[in-house]
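Dropping query19.txt in here (compact mmCIF, C-alpha atoms):
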```txt
# COMPACT_ATOMS: atom_id res chain seq x y z
CA MET A 1 -67.21 -44.52 -107.28
CA TRP A 2 -67.93 -40.95 -106.26
CA ARG A 3 -64.95 -38.58 -106.47
CA GLU A 4 -64.80 -34.89 -105.75
CA ASN A 5 -62.27 -32.71 -107.57
CA VAL A 6 -61.11 -29.53 -105.88
CA VAL A 7 -59.09 -26.69 -107.44
CA VAL A 8 -58.23 -23.79 -105.16
CA LEU A 9 -56.54 -20.51 -106.08
CA VAL A 10 -55.10 -18.59 -103.12
CA GLU A 11 -53.24 -15.28 -102.89
CA LYS A 12 -50.94 -14.41 -100.00
CA LYS A 13 -49.01 -11.11 -100.00
CA GLY A 14 -49.09 -10.90 -103.79
CA GLU A 15 -48.00 -14.52 -104.36
CA LEU A 16 -50.39 -16.90 -106.13
CA PHE A 17 -50.81 -20.57 -105.19
CA VAL A 18 -53.06 -23.17 -106.80
CA MET A 19 -53.92 -26.52 -105.26
CA PHE A 20 -55.37 -29.55 -107.05
CA THR A 21 -56.82 -32.55 -105.24
CA CYS A 22 -59.22 -35.36 -106.01
CA SER A 23 -61.17 -37.37 -103.42
CA ASN A 24 -58.73 -38.69 -100.81
CA GLU A 25 -55.51 -38.30 -102.83
CA LYS A 26 -52.66 -36.09 -101.64
CA PRO A 27 -53.07 -32.48 -102.84
CA ILE A 28 -50.59 -30.99 -105.31
CA VAL A 29 -49.64 -27.34 -104.76
CA TYR A 30 -48.13 -25.00 -107.36
CA LYS A 31 -46.78 -21.47 -106.94
CA LEU A 32 -46.57 -18.85 -109.69
CA PHE A 33 -42.95 -17.81 -110.37
CA SER A 34 -42.44 -15.30 -113.22
CA LEU A 35 -45.49 -16.45 -115.22
CA GLU A 36 -44.64 -20.15 -114.71
CA TRP A 37 -46.36 -22.54 -112.28
CA LYS A 38 -43.86 -24.63 -110.27
CA GLU A 39 -44.81 -27.55 -108.05
CA MET A 40 -44.13 -26.95 -104.38
CA SER A 41 -42.51 -29.55 -102.17
CA ARG A 42 -42.78 -29.83 -98.41
CA THR A 43 -39.49 -27.96 -97.97
CA THR A 44 -40.54 -25.07 -100.23
CA LEU A 45 -43.96 -24.60 -98.61
CA ASP A 46 -42.36 -22.91 -95.59
CA GLY A 47 -45.02 -24.23 -93.23
CA LEU A 48 -48.03 -22.79 -95.06
CA THR A 49 -51.49 -24.02 -94.07
CA PHE A 50 -54.47 -24.06 -96.49
CA PHE A 51 -58.03 -23.73 -95.19
CA VAL A 52 -60.54 -24.61 -97.92
CA SER A 53 -64.33 -24.45 -98.01
CA PHE A 54 -66.93 -24.28 -100.77
CA HIS A 55 -67.10 -20.47 -100.62
CA ASN A 56 -63.55 -19.32 -99.92
CA SER A 57 -60.00 -20.36 -99.13
CA GLU A 58 -57.36 -18.98 -96.81
CA LEU A 59 -53.60 -19.41 -96.68
CA ARG A 60 -51.84 -18.91 -93.35
CA ASN A 61 -48.35 -19.24 -91.99
CA ASN A 62 -46.85 -19.21 -88.49
CA LEU A 63 -49.21 -21.95 -87.24
CA PRO A 64 -46.61 -24.34 -85.81
CA TRP A 65 -49.05 -27.12 -84.91
CA MET A 66 -50.71 -27.05 -88.37
CA ARG A 67 -47.72 -26.63 -90.72
CA ASN A 68 -47.86 -28.02 -94.29
CA ASN A 69 -51.51 -29.10 -94.00
CA VAL A 70 -54.67 -28.62 -96.02
CA TYR A 71 -57.93 -28.44 -94.06
CA PHE A 72 -61.27 -28.92 -95.82
CA SER A 73 -64.35 -27.88 -93.87
CA ARG A 74 -67.49 -30.00 -94.22
CA PHE A 75 -66.06 -32.15 -96.99
CA GLY A 76 -68.15 -34.88 -98.63
CA PHE A 77 -71.52 -36.35 -97.83
CA ASN A 78 -70.88 -36.85 -94.08
CA ARG A 79 -69.81 -33.18 -93.76
CA GLN A 80 -66.81 -33.95 -91.56
CA THR A 81 -63.60 -31.92 -91.54
CA LEU A 82 -60.83 -33.52 -93.57
CA CYS A 83 -57.11 -32.82 -93.24
CA PHE A 84 -54.22 -33.69 -95.59
CA LEU A 85 -50.53 -33.46 -94.74
CA LEU A 86 -48.57 -31.99 -97.66
CA VAL A 87 -45.50 -34.21 -97.58
```
So, in terms of structure tokens, how does the structure I just supplied come out?
Amino acid sequence: MWRENVVVLVEKKGELFVMFTCSNEKPIVYKLFSLEWKEMSRTTLDGLTFFVSFHNSELRNNLPWMRNNVYFSRFGFNRQTLCFLLV
């Protein structure tokens, strides 16, 4: 079975986030707190939205209709957009 692993490092206003995901499993997001990575839950994400592609990644907030989501552009062999809800 083909599986794609994705690791994304994102910076937003000096805060570092890393996201791990594999194939169609739910992504796991960590935030760097005082040199220690802590797993983020839906309540601690504060409505952040991840946009991920092969060349870059973006982290946005204040997108009420897209809160707590991860969007992959052109993901996989069929090159369709894929979205995960971070619950």
| Met19 of chain A: which residues within 12 Å, counting only C-alpha atoms, same-chain residues fewer than 5 positions away excluded, as a list in words? |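 The contact residues come out as Asn5, Val6, Val7, Val8, Leu9, Val10, Glu11, Lys26, Pro27, Ile28, Val29, Tyr30, Lys31, Leu32, Trp37, Lys38, Glu39, Met40, Thr49, Phe50, Phe51, Val52, Ser57, Glu58, Leu59, Asn69, Val70 and Leu86 of chain A.
Between atom CA of Lys12 of chain A and atom CA of Arg67 of chain A the separation is 15.7 Å.
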| Could you state the separation of atom CA of Leu35 of chain A and atom CA of Phe72 of chain A in Å, given to one decimal place? |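 Atom CA of Phe72 of chain A lies at a distance of 27.9 Å from atom CA of Leu35 of chain A.
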| query | If you measure from atom CA of Asn56 of chain A to atom CA of Ser73 of chain A, what distance in Å do you get, rounded to one decimal? | reply |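 Calculated distance between atom CA of Asn56 of chain A and atom CA of Ser73 of chain A is 10.5 Å.
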| query | Which one of A:Phe17, A:Tyr71, A:Arg42, A:Met66 sits closest to Phe54 of chain A if you count all atoms listed in the file? | reply |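 Among the listed residues, the smallest separation from Phe54 of chain A belongs to A:Tyr71.
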